[in-house]
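Asker: I'm passing along target_18.cif; it holds mmCIF, C-alpha atoms and all ligand atoms.
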```cif
data_input
#
loop_
_atom_site.label_atom_id
_atom_site.label_comp_id
_atom_site.auth_asym_id
_atom_site.auth_seq_id
_atom_site.Cartn_x
_atom_site.Cartn_y
_atom_site.Cartn_z
CA MET J 1 -63.63 -17.72 69.88
CA ASN J 2 -60.40 -19.62 70.45
CA PRO J 3 -60.10 -19.73 74.29
CA ARG J 4 -56.32 -19.47 73.99
CA PHE J 5 -56.76 -15.89 72.81
CA GLN J 6 -59.46 -14.66 75.13
CA PHE J 7 -59.51 -10.93 75.89
CA ASP J 8 -60.81 -9.91 79.31
CA LEU J 9 -61.75 -6.30 79.86
CA ILE J 10 -60.84 -5.47 83.46
CA ALA J 11 -61.85 -1.82 83.59
CA THR J 12 -62.86 1.00 81.28
CA GLN J 13 -62.91 4.75 81.70
CA LYS J 14 -64.67 6.65 78.93
CA ARG J 15 -63.20 5.01 75.79
CA ALA J 16 -59.96 3.84 77.49
CA ARG J 17 -59.66 0.18 78.39
CA ALA J 18 -57.57 -1.96 80.75
CA GLY J 19 -57.56 -5.62 79.78
CA ILE J 20 -55.76 -8.96 79.68
CA PHE J 21 -55.10 -10.67 76.36
CA HIS J 22 -54.31 -14.35 76.89
CA THR J 23 -51.82 -16.03 74.52
CA PRO J 24 -50.03 -19.42 74.50
CA HIS J 25 -46.86 -17.63 75.66
CA GLY J 26 -48.45 -15.72 78.51
CA ASP J 27 -50.81 -12.89 79.32
CA ILE J 28 -50.48 -9.42 77.84
CA LEU J 29 -51.72 -6.72 80.21
CA THR J 30 -53.21 -3.95 78.10
CA PRO J 31 -52.78 -1.18 77.22
CA ILE J 32 -49.32 -2.35 76.16
CA PHE J 33 -46.39 -1.05 74.16
CA ALA J 34 -44.50 -3.68 72.13
CA PRO J 35 -40.81 -3.03 71.38
CA VAL J 36 -39.83 -3.89 67.80
CA GLY J 37 -37.28 -6.59 67.01
CA THR J 38 -37.06 -6.11 63.25
CA GLN J 39 -34.43 -8.81 62.68
CA ALA J 40 -35.60 -11.04 65.58
CA THR J 41 -33.65 -8.86 67.99
CA VAL J 42 -34.64 -5.68 69.79
CA LYS J 43 -31.57 -3.72 68.78
CA SER J 44 -28.76 -3.41 71.37
CA VAL J 45 -30.48 -5.20 74.27
CA THR J 46 -30.55 -8.86 75.32
CA PRO J 47 -33.77 -10.83 75.92
CA ALA J 48 -32.80 -10.98 79.62
CA GLN J 49 -32.63 -7.18 79.74
CA LEU J 50 -36.00 -6.91 77.98
CA GLN J 51 -37.45 -9.35 80.49
CA ASP J 52 -36.13 -7.23 83.36
CA LEU J 53 -37.80 -4.17 81.82
CA GLY J 54 -41.11 -6.02 82.05
CA ALA J 55 -41.66 -6.27 78.29
CA THR J 56 -44.26 -8.87 77.33
CA LEU J 57 -45.17 -8.57 73.65
CA VAL J 58 -42.34 -8.12 71.13
CA LEU J 59 -42.77 -7.57 67.38
CA ALA J 60 -40.68 -9.11 64.60
CA ASN J 61 -40.79 -8.29 60.87
CA THR J 62 -41.86 -10.94 58.38
CA TYR J 63 -40.36 -9.15 55.36
CA HIS J 64 -36.87 -9.03 56.91
CA LEU J 65 -36.90 -12.55 58.35
CA TYR J 66 -38.29 -14.05 55.14
CA LEU J 67 -35.43 -12.50 53.13
CA ARG J 68 -32.82 -13.28 55.78
CA PRO J 69 -32.28 -15.86 57.29
CA GLY J 70 -35.46 -17.38 55.76
CA ALA J 71 -38.63 -18.61 57.45
CA GLU J 72 -37.83 -22.28 56.85
CA LEU J 73 -34.53 -21.97 58.71
CA VAL J 74 -36.30 -20.30 61.65
CA ALA J 75 -38.93 -23.08 61.64
CA ASN J 76 -36.23 -25.77 61.56
CA LEU J 77 -34.59 -24.14 64.59
CA GLY J 78 -37.80 -24.33 66.60
CA GLY J 79 -39.59 -21.14 65.52
CA LEU J 80 -39.04 -17.53 66.53
CA HIS J 81 -39.45 -18.03 70.29
CA ASP J 82 -36.56 -20.53 70.39
CA PHE J 83 -34.53 -18.81 67.69
CA MET J 84 -34.48 -15.40 69.39
CA GLN J 85 -34.88 -16.78 72.92
CA TRP J 86 -38.01 -14.81 73.79
CA SER J 87 -40.43 -16.91 75.80
CA ASN J 88 -43.14 -14.22 76.04
CA PRO J 89 -45.64 -13.39 73.27
CA ILE J 90 -44.40 -12.39 69.80
CA LEU J 91 -46.28 -10.65 66.98
CA THR J 92 -45.21 -10.76 63.33
CA ASP J 93 -46.45 -8.29 60.75
CA SER J 94 -47.52 -9.47 57.30
CA GLY J 95 -44.55 -8.08 55.36
CA GLY J 96 -46.84 -5.83 53.34
CA PHE J 97 -45.77 -2.53 54.87
CA GLN J 98 -42.06 -3.19 54.18
CA VAL J 99 -42.75 -4.39 50.64
CA PHE J 100 -44.42 -1.06 49.92
CA SER J 101 -41.94 1.12 51.85
CA LEU J 102 -38.53 -0.58 51.51
CA SER J 103 -38.49 -2.49 48.27
CA GLU J 104 -36.92 -0.58 45.38
CA SER J 105 -39.58 -1.73 42.99
CA ASN J 106 -42.85 -3.50 43.59
CA LYS J 107 -45.65 -4.42 41.29
CA ILE J 108 -49.04 -4.93 42.81
CA ASP J 109 -51.92 -6.88 41.30
CA GLU J 110 -55.17 -8.29 42.66
CA ASP J 111 -53.44 -11.50 43.71
CA GLY J 112 -50.41 -10.05 45.54
CA VAL J 113 -47.16 -8.14 45.18
CA THR J 114 -43.96 -8.90 43.27
CA PHE J 115 -40.97 -7.05 44.65
CA LYS J 116 -37.21 -6.75 44.55
CA SER J 117 -35.22 -7.51 47.71
CA HIS J 118 -33.56 -4.41 49.20
CA ILE J 119 -30.65 -6.69 50.21
CA ASP J 120 -29.54 -8.32 46.95
CA GLY J 121 -32.01 -7.27 44.27
CA SER J 122 -33.52 -10.75 43.91
CA MET J 123 -37.19 -10.97 42.92
CA HIS J 124 -39.85 -12.25 45.35
CA ARG J 125 -43.61 -12.51 45.59
CA LEU J 126 -45.97 -12.08 48.52
CA THR J 127 -49.64 -12.98 48.44
CA PRO J 128 -52.04 -13.36 51.38
CA GLU J 129 -51.43 -17.13 51.32
CA ILE J 130 -47.64 -16.80 51.13
CA SER J 131 -47.56 -14.21 53.94
CA ILE J 132 -49.64 -16.44 56.22
CA GLY J 133 -47.46 -19.45 55.30
CA ILE J 134 -44.30 -17.54 56.24
CA GLN J 135 -45.86 -16.31 59.48
CA GLU J 136 -46.90 -19.87 60.34
CA GLN J 137 -43.29 -20.99 59.86
CA LEU J 138 -42.01 -18.12 62.03
CA GLY J 139 -44.52 -19.17 64.70
CA ALA J 140 -45.46 -15.93 66.49
CA ASP J 141 -48.49 -15.84 68.80
CA ILE J 142 -50.15 -13.01 66.87
CA VAL J 143 -49.95 -12.89 63.06
CA MET J 144 -51.25 -10.17 60.78
CA ALA J 145 -53.42 -10.21 57.67
CA PHE J 146 -51.66 -9.14 54.44
CA ASP J 147 -52.82 -5.62 53.61
CA GLU J 148 -52.02 -2.66 51.42
CA CYS J 149 -51.09 0.61 53.10
CA ALA J 150 -51.84 3.53 50.75
CA PRO J 151 -50.66 7.16 50.96
CA PRO J 152 -53.15 8.55 53.51
CA GLN J 153 -54.47 11.56 51.53
CA ASP J 154 -55.10 9.90 48.14
CA ARG J 155 -58.81 9.02 48.06
CA ALA J 156 -58.89 7.02 44.81
CA TYR J 157 -55.81 5.04 45.83
CA ASN J 158 -57.30 4.36 49.27
CA GLU J 159 -60.55 3.08 47.78
CA ARG J 160 -58.62 0.57 45.65
CA ALA J 161 -56.23 -0.40 48.46
CA MET J 162 -59.09 -0.87 50.91
CA ALA J 163 -60.97 -3.15 48.51
CA ARG J 164 -57.80 -5.20 48.02
CA THR J 165 -57.12 -5.26 51.77
CA HIS J 166 -60.62 -6.64 52.37
CA ALA J 167 -60.34 -9.32 49.68
CA TRP J 168 -56.90 -10.28 51.00
CA ALA J 169 -58.21 -10.39 54.60
CA GLU J 170 -60.79 -13.01 53.54
CA ARG J 171 -58.05 -15.05 51.83
CA CYS J 172 -55.86 -14.81 54.96
CA VAL J 173 -58.71 -16.22 57.08
CA LEU J 174 -58.98 -19.20 54.70
CA ALA J 175 -55.19 -19.70 54.55
CA HIS J 176 -54.55 -19.50 58.28
CA LYS J 177 -54.37 -22.93 59.92
CA ARG J 178 -52.35 -22.85 63.15
CA PRO J 179 -54.72 -22.83 66.15
CA ASP J 180 -51.95 -21.59 68.45
CA GLN J 181 -51.75 -18.33 66.50
CA ALA J 182 -54.24 -15.45 66.55
CA LEU J 183 -54.77 -13.81 63.15
CA PHE J 184 -55.59 -10.09 63.37
CA GLY J 185 -57.35 -8.19 60.58
CA ILE J 186 -56.27 -4.68 59.58
CA VAL J 187 -58.50 -1.66 59.00
CA GLN J 188 -57.38 0.71 56.23
CA GLY J 189 -59.02 3.75 54.60
CA GLY J 190 -56.52 6.61 54.83
CA VAL J 191 -57.83 9.84 56.38
CA PHE J 192 -61.37 9.37 55.04
CA PRO J 193 -64.00 8.79 57.77
CA ASP J 194 -66.46 6.98 55.49
CA LEU J 195 -63.75 4.60 54.21
CA ARG J 196 -62.50 3.96 57.75
CA GLN J 197 -66.06 3.28 58.90
CA GLN J 198 -66.63 0.90 56.00
CA SER J 199 -63.30 -0.85 56.52
CA ALA J 200 -63.79 -1.28 60.29
CA ALA J 201 -67.27 -2.75 59.70
CA PHE J 202 -65.97 -5.20 57.08
CA ILE J 203 -62.92 -6.30 59.09
CA ALA J 204 -65.09 -6.69 62.23
CA SER J 205 -67.50 -8.89 60.24
CA LEU J 206 -64.75 -11.44 59.59
CA GLY J 207 -64.58 -12.27 63.31
CA PHE J 208 -60.86 -11.96 63.92
CA PRO J 209 -59.72 -12.47 67.57
CA GLY J 210 -58.17 -8.98 67.37
CA ASN J 211 -58.28 -6.01 65.03
CA ALA J 212 -55.53 -3.65 63.93
CA ILE J 213 -55.65 -0.12 62.61
CA GLY J 214 -53.12 0.33 59.81
CA GLY J 215 -52.16 3.18 57.54
CA LEU J 216 -51.83 5.77 60.31
CA SER J 217 -48.73 7.60 61.56
CA VAL J 218 -47.57 7.60 57.92
CA GLY J 219 -47.66 11.34 57.21
CA GLU J 220 -51.16 12.49 58.18
CA SER J 221 -51.72 15.15 60.89
CA LYS J 222 -52.31 14.28 64.54
CA ALA J 223 -55.85 15.64 64.26
CA GLU J 224 -56.52 13.32 61.30
CA MET J 225 -55.10 10.32 63.18
CA HIS J 226 -57.28 11.08 66.23
CA ALA J 227 -60.38 11.52 64.07
CA MET J 228 -59.79 8.16 62.33
CA LEU J 229 -59.29 6.40 65.67
CA GLU J 230 -62.59 7.84 66.89
CA VAL J 231 -64.41 6.59 63.79
CA VAL J 232 -62.95 3.09 64.10
CA ASP J 233 -63.36 2.89 67.88
CA VAL J 234 -67.15 2.84 67.79
CA VAL J 235 -67.30 0.20 65.02
CA LEU J 236 -64.77 -2.41 66.16
CA PRO J 237 -66.05 -5.00 68.67
CA GLU J 238 -65.35 -3.99 72.27
CA GLU J 239 -64.62 -7.55 73.40
CA LYS J 240 -61.53 -7.88 71.20
CA PRO J 241 -58.17 -6.09 71.42
CA ARG J 242 -57.37 -3.19 69.08
CA TYR J 243 -53.83 -2.66 67.83
CA LEU J 244 -52.61 0.66 66.42
CA MET J 245 -49.63 -0.15 64.22
CA GLY J 246 -46.42 1.88 64.21
CA VAL J 247 -47.21 4.39 66.95
CA GLY J 248 -44.98 5.00 69.96
CA SER J 249 -44.37 8.55 71.18
CA PRO J 250 -45.66 9.12 74.76
CA GLU J 251 -48.31 11.62 73.61
CA ASP J 252 -49.45 9.34 70.75
CA LEU J 253 -49.73 6.39 73.13
CA ILE J 254 -51.92 8.38 75.51
CA ASN J 255 -54.04 9.76 72.69
CA GLY J 256 -54.48 6.23 71.35
CA VAL J 257 -55.49 4.80 74.72
CA LEU J 258 -58.00 7.64 75.14
CA ARG J 259 -59.56 6.50 71.84
CA GLY J 260 -59.89 2.83 72.70
CA VAL J 261 -56.56 1.35 71.54
CA ASP J 262 -55.01 -1.52 73.53
CA ILE J 263 -51.77 -2.48 71.72
CA PHE J 264 -49.05 -0.33 70.15
CA ASP J 265 -45.65 -0.98 68.55
CA CYS J 266 -42.95 1.33 67.26
CA VAL J 267 -39.23 1.44 66.48
CA LEU J 268 -39.08 4.90 68.11
CA PRO J 269 -37.44 4.02 71.49
CA THR J 270 -34.71 1.87 69.93
CA ARG J 271 -34.12 4.12 66.91
CA LEU J 272 -33.90 7.29 69.01
CA ALA J 273 -31.46 5.53 71.37
CA ARG J 274 -29.09 4.86 68.46
CA HIS J 275 -29.32 8.57 67.63
CA HIS J 276 -28.39 9.55 71.20
CA ALA J 277 -31.88 10.69 72.18
CA ALA J 278 -33.70 9.91 75.41
CA ILE J 279 -37.50 9.83 75.60
CA THR J 280 -38.97 11.50 78.68
CA ARG J 281 -42.54 12.35 79.62
CA THR J 282 -41.78 16.02 79.00
CA GLY J 283 -40.05 15.61 75.63
CA ARG J 284 -36.78 14.40 74.13
CA MET J 285 -33.20 15.03 75.27
CA ASN J 286 -30.21 14.61 73.00
CA LEU J 287 -27.38 13.42 75.21
CA VAL J 288 -24.71 14.46 72.72
CA ASN J 289 -25.50 18.07 73.62
CA SER J 290 -22.51 19.83 75.26
CA THR J 291 -24.71 21.12 78.09
CA TYR J 292 -24.53 17.59 79.52
CA GLN J 293 -20.71 17.40 79.44
CA ALA J 294 -20.26 17.54 83.23
CA ASP J 295 -23.88 16.92 84.27
CA ALA J 296 -23.96 14.53 87.23
CA LYS J 297 -27.74 14.01 87.10
CA PRO J 298 -29.33 10.91 85.57
CA ILE J 299 -31.47 11.36 82.39
CA VAL J 300 -34.60 11.61 84.57
CA GLU J 301 -34.20 11.91 88.33
CA SER J 302 -37.41 10.07 89.17
CA CYS J 303 -36.79 7.25 86.64
CA THR J 304 -36.33 3.76 88.09
CA CYS J 305 -34.60 2.23 85.06
CA TYR J 306 -31.14 0.65 85.32
CA THR J 307 -29.56 3.49 83.34
CA CYS J 308 -30.99 6.28 85.50
CA GLN J 309 -30.26 4.37 88.72
CA HIS J 310 -26.56 4.12 87.91
CA PHE J 311 -25.28 6.58 85.31
CA SER J 312 -24.94 10.33 84.84
CA ARG J 313 -25.79 12.33 81.74
CA ALA J 314 -22.05 13.16 81.59
CA TYR J 315 -21.14 9.47 81.40
CA LEU J 316 -23.74 8.80 78.69
CA ARG J 317 -22.44 11.78 76.69
CA HIS J 318 -18.87 10.48 77.10
CA LEU J 319 -19.92 7.05 75.73
CA ILE J 320 -21.61 8.71 72.74
CA ILE J 321 -18.59 10.95 71.95
CA ALA J 322 -16.24 7.94 72.30
CA LYS J 323 -18.58 5.93 70.02
CA GLU J 324 -18.97 3.17 72.62
CA MET J 325 -21.69 0.54 72.01
CA LEU J 326 -22.88 0.78 75.61
CA ALA J 327 -24.37 4.21 74.84
CA ALA J 328 -27.04 2.65 72.61
CA THR J 329 -27.74 -0.10 75.14
CA LEU J 330 -28.17 2.25 78.11
CA LEU J 331 -30.33 4.69 76.15
CA THR J 332 -32.46 1.83 74.78
CA LEU J 333 -33.02 0.48 78.30
CA HIS J 334 -34.17 3.92 79.44
CA ASN J 335 -36.38 4.57 76.41
CA ILE J 336 -38.17 1.22 76.49
CA HIS J 337 -38.59 1.49 80.25
CA THR J 338 -40.13 4.95 79.81
CA LEU J 339 -42.81 3.68 77.39
CA LEU J 340 -43.53 0.47 79.32
CA GLN J 341 -43.84 2.41 82.58
CA LEU J 342 -46.11 4.95 80.93
CA MET J 343 -48.42 2.12 79.84
CA ARG J 344 -48.33 0.52 83.31
CA ASP J 345 -49.24 3.89 84.85
CA LEU J 346 -52.01 4.44 82.29
CA ARG J 347 -53.41 0.97 83.01
CA GLN J 348 -53.39 1.64 86.74
CA ALA J 349 -55.07 5.01 86.20
CA ILE J 350 -57.85 3.32 84.18
CA VAL J 351 -58.30 0.67 86.90
CA ASP J 352 -58.37 3.38 89.60
CA GLY J 353 -60.73 5.62 87.64
CA ALA J 354 -58.05 8.32 87.72
CA LEU J 355 -57.36 8.68 84.00
CA ASP J 356 -58.52 12.31 83.74
CA THR J 357 -56.11 13.44 86.48
CA PHE J 358 -53.28 11.40 84.98
CA THR J 359 -53.65 12.70 81.44
CA ALA J 360 -54.23 16.31 82.57
CA GLN J 361 -50.97 16.15 84.52
CA PHE J 362 -49.12 14.55 81.59
CA PHE J 363 -50.18 17.21 79.07
CA ALA J 364 -49.53 20.03 81.59
CA ASP J 365 -45.98 18.70 82.13
CA GLN J 366 -45.44 18.54 78.36
CA GLU J 367 -46.42 22.17 77.92
CA GLN J 368 -43.92 23.24 80.57
CA SER J 369 -41.05 21.32 78.96
CA PRO J 370 -38.32 23.36 77.26
ZN ZN J 401 -34.27 5.98 82.99
#
```
So, in terms of structure tokens, how does the structure I just supplied come out?
Ligand SMILES: [Zn+2]

Answerer:
Amino acid sequence: MNPRFQFDLIATQKRARAGIFHTPHGDILTPIFAPVGTQATVKSVTPAQLQDLGATLVLANTYHLYLRPGAELVANLGGLHDFMQWSNPILTDSGGFQVFSLSESNKIDEDGVTFKSHIDGSMHRLTPEISIGIQEQLGADIVMAFDECAPPQDRAYNERAMARTHAWAERCVLAHKRPDQALFGIVQGGVFPDLRQQSAAFIASLGFPGNAIGGLSVGESKAEMHAMLEVVDVVLPEEKPRYLMGVGSPEDLINGVLRGVDIFDCVLPTRLARHHAAITRTGRMNLVNSTYQADAKPIVESCTCYTCQHFSRAYLRHLIIAKEMLAATLLTLHNIHTLLQLMRDLRQAIVDGALDTFTAQFFADQEQSP
């Protein structure tokens, strides 16, 4: 294994794991939540603010950056770390998920996907080799294999997509050249335990330094997601990090950690902030609500984030009503802090052997929320 991407397991409790994933841009303490910077920016906050929140890993989207401003331009300006001024680890996805979800029309064949840009309608093509080439130009620490995410309930579709995902994963391994990047494979298989089992075994056999679980949190039930995580958990190698893609609500993070997941990413904290919603451990609050009009309390009284240390719910509601940009920034700071702190607390609970108490308290608090 490439020593630059060693994963050290520090402690485990049942299936939950506390670890350290080493990368050329620093250590990632797991379990970790990665904020998403779709366009090479985590919306409405500066890198300095993200740093103050204690964020380590940040995600950027290959599809978006390939279409605009272009991977070659980013490479010429020193790669993503320099371009977006983030000196900690970065992960780029393969572009596949956006091609299938955002592009107006896409045509898939065994070699790759031809698609129309959602920006200007121009035609483009992604193959495993092209995706890896773009990700090498972008220069993230962790890059993802090009995969096909199928509708979770369609068995025939999932069988075809899984076979393609496996063939493409092998081509990504051959195409990937940069030794300062870790290429992760992606397990697919919809909501079908036998497909998930088969996919996890195949992806594990390719010897990636980390493995991702894709095609979940895309419309299946929570029970189905948990069942798939449990199937995959026992197949994937324990000595490598596991990354559950696109998951980020507090309860989903905890349920993922309880089923052996180490890394998560999601647009949820930044997207909710732009829709005036605060994430708390007991549920969501929409600050536009008139009940907060003269409320002097912070969003969460025990929260140590900058927003809660300084500002009232009434002030946040005023900013939202007045359509001030600061509303999104302050809510984003709180939301990202909430998820990062939850992961820090989870990690400490695993290290202390106190995970049962921690999760029991968390789910009891959730049930008592309004
Ligand atoms: Zn806060």

Asker: Quick one: distance from CA of Lys14 in chain J to CA of Gly54 in chain J in Å, one decimal?

Answerer: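 CA of Lys14 in chain J sits 26.9 Å away from CA of Gly54 in chain J.
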
Asker: Let me make sure I understand: among J:Thr304, J:Thr114, J:Thr62, J:Thr38, which one has the smallest atom-to-atom distance to ligand ZN 401 (chain J) if we use only C-alpha atoms and all ligand atoms?

Answerer: J:Thr304

Asker: Got a sec to check which residues lie within 10 Å of ligand ZN 401 (chain J), using all atoms listed in the file, and send them as number ranges by chain?

Answerer: J: 278-280, 298-311, 330-338

Asker: Could you name the residues that touch Ala204 in chain J at 8 Å or less, counting only C-alpha atoms, but leaving out those on the same chain fewer than 4 positions away, as a list in words?

Answerer: Ala200, Phe208, Asn211, Val235, Leu236 and Pro237 of chain J

Asker: So, with only C-alpha atoms as the atoms that count, which of J:Arg317, J:Arg4, J:Lys323, J:Arg125 lies closest to Pro179 in chain J?

Answerer: J:Arg4

Asker: Looking at J:Arg242, J:Lys107, J:His166, J:Lys43, which one is nearest to Met325 in chain J, with distances taken over only C-alpha atoms?

Answerer: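 Between J:Arg242, J:Lys107, J:His166, J:Lys43, the residue approaching Met325 in chain J most closely is J:Lys43.
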
Asker: One decimal, Å: what's the distance from CA of Asp8 in chain J over to CA of Ile90 in chain J, could you say?

Answerer: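 So the answer is 19.1 Å.
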
Asker: Closest to Ser199 in chain J among J:Leu174, J:Val231, J:Leu29, J:Val45, using only C-alpha atoms?

Answerer: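 The closest residue to Ser199 in chain J is J:Val231.
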
Asker: Would you mind reading off the distance between CA of Glu239 in chain J and CA of Val218 in chain J, one decimal, in Å?

Answerer: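 About the pair CA of Glu239 in chain J and CA of Val218 in chain J: they are 27.6 Å apart.
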
Asker: With distances taken over only C-alpha atoms, which of J:Asp27, J:Glu129, J:Glu72, J:Asp120 is nearest to Asp141 in chain J?

Answerer: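 Closest to Asp141 in chain J, using only C-alpha atoms: J:Asp27.
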
Asker: I'd like the neighbourhood of Asn289 in chain J as a ChimeraX atom specification, where a residue qualifies if any of its atoms comes within 12 Å (using only C-alpha atoms), though same-chain residues fewer than 2 positions away should be ignored.

Answerer: /J:275-278,284-287,291-295,313-314,316-318,320-321

Asker: For a cutoff of 12 Å around the file-coordinate point (-59.8, -6.3, 68.2), which residues qualify once you count all atoms listed in the file? I'd like the result as a CSV table (one decimal) with C-alpha atoms, in the frame of the given file.

Answerer:
```csv
chain,number,residue,atom,x,y,z
J,5,PHE,CA,-56.8,-15.9,72.8
J,6,GLN,CA,-59.5,-14.7,75.1
J,7,PHE,CA,-59.5,-10.9,75.9
J,8,ASP,CA,-60.8,-9.9,79.3
J,9,LEU,CA,-61.8,-6.3,79.9
J,19,GLY,CA,-57.6,-5.6,79.8
J,21,PHE,CA,-55.1,-10.7,76.4
J,142,ILE,CA,-50.2,-13.0,66.9
J,144,MET,CA,-51.2,-10.2,60.8
J,182,ALA,CA,-54.2,-15.4,66.6
J,183,LEU,CA,-54.8,-13.8,63.2
J,184,PHE,CA,-55.6,-10.1,63.4
J,185,GLY,CA,-57.4,-8.2,60.6
J,186,ILE,CA,-56.3,-4.7,59.6
J,187,VAL,CA,-58.5,-1.7,59.0
J,200,ALA,CA,-63.8,-1.3,60.3
J,201,ALA,CA,-67.3,-2.8,59.7
J,203,ILE,CA,-62.9,-6.3,59.1
J,204,ALA,CA,-65.1,-6.7,62.2
J,205,SER,CA,-67.5,-8.9,60.2
J,206,LEU,CA,-64.8,-11.4,59.6
J,207,GLY,CA,-64.6,-12.3,63.3
J,208,PHE,CA,-60.9,-12.0,63.9
J,209,PRO,CA,-59.7,-12.5,67.6
J,210,GLY,CA,-58.2,-9.0,67.4
J,211,ASN,CA,-58.3,-6.0,65.0
J,212,ALA,CA,-55.5,-3.6,63.9
J,213,ILE,CA,-55.6,-0.1,62.6
J,232,VAL,CA,-63.0,3.1,64.1
J,233,ASP,CA,-63.4,2.9,67.9
J,234,VAL,CA,-67.2,2.8,67.8
J,235,VAL,CA,-67.3,0.2,65.0
J,236,LEU,CA,-64.8,-2.4,66.2
J,237,PRO,CA,-66.0,-5.0,68.7
J,238,GLU,CA,-65.4,-4.0,72.3
J,239,GLU,CA,-64.6,-7.6,73.4
J,240,LYS,CA,-61.5,-7.9,71.2
J,241,PRO,CA,-58.2,-6.1,71.4
J,242,ARG,CA,-57.4,-3.2,69.1
J,243,TYR,CA,-53.8,-2.7,67.8
J,244,LEU,CA,-52.6,0.7,66.4
J,260,GLY,CA,-59.9,2.8,72.7
J,261,VAL,CA,-56.6,1.4,71.5
J,262,ASP,CA,-55.0,-1.5,73.5
J,263,ILE,CA,-51.8,-2.5,71.7
```

Asker: I'd like the contact shell of His25 in chain J - 7 Å cut-off, only C-alpha atoms, skipping same-chain residues fewer than 4 positions apart - returned as JSON, numbers by chain.

Answerer: {"J": [87, 88, 89]}

Asker: Point out the residue among J:Asn2, J:Ser94, J:Ser290, J:Gln153 with the least atom-to-atom distance to Val191 in chain J, counting all atoms listed in the file.

Answerer: J:Gln153

Asker: Find the spatial neighbours of Ser117 in chain J, counting all atoms listed in the file, within a cut-off of 12 Å - ignore same-chain residues fewer than 3 positions away - and output them as a list in words.

Answerer: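 Using all atoms listed in the file, the neighbours found are Tyr63, His64, Leu65, Tyr66, Leu67, Arg68, Gln98, Val99, Phe100, Ser101, Leu102, Ser103, Glu104, Ser105, Asn106, Thr114, Asp120, Gly121, Ser122, Met123, His124, Arg125 and Leu126 of chain J.
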
Asker: So which residues are close to (-55.6, -12.9, 56.3), meaning at most 7 Å away in the file's coordinates with all atoms listed in the file counted, and can you show them as JSON, numbers by chain?

Answerer: {"J": [128, 132, 144, 145, 146, 168, 169, 170, 171, 172, 173, 176, 183, 185]}

Asker: Quick one: residues within 12 Å of His81 in chain J, all atoms listed in the file, excluding same-chain residues fewer than 4 positions away - as a list in words?

Answerer: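 Neighbouring residues, sequence-local ones excluded: Pro24, His25, Ala40, Thr41, Pro47, Leu57, Val58, Leu59, Ala60, Val74, Ala75, Leu77, Gln85, Trp86, Ser87, Asn88, Pro89, Ile90, Leu91, Thr92, Gln137, Leu138, Gly139, Ala140 and Asp141 of chain J.
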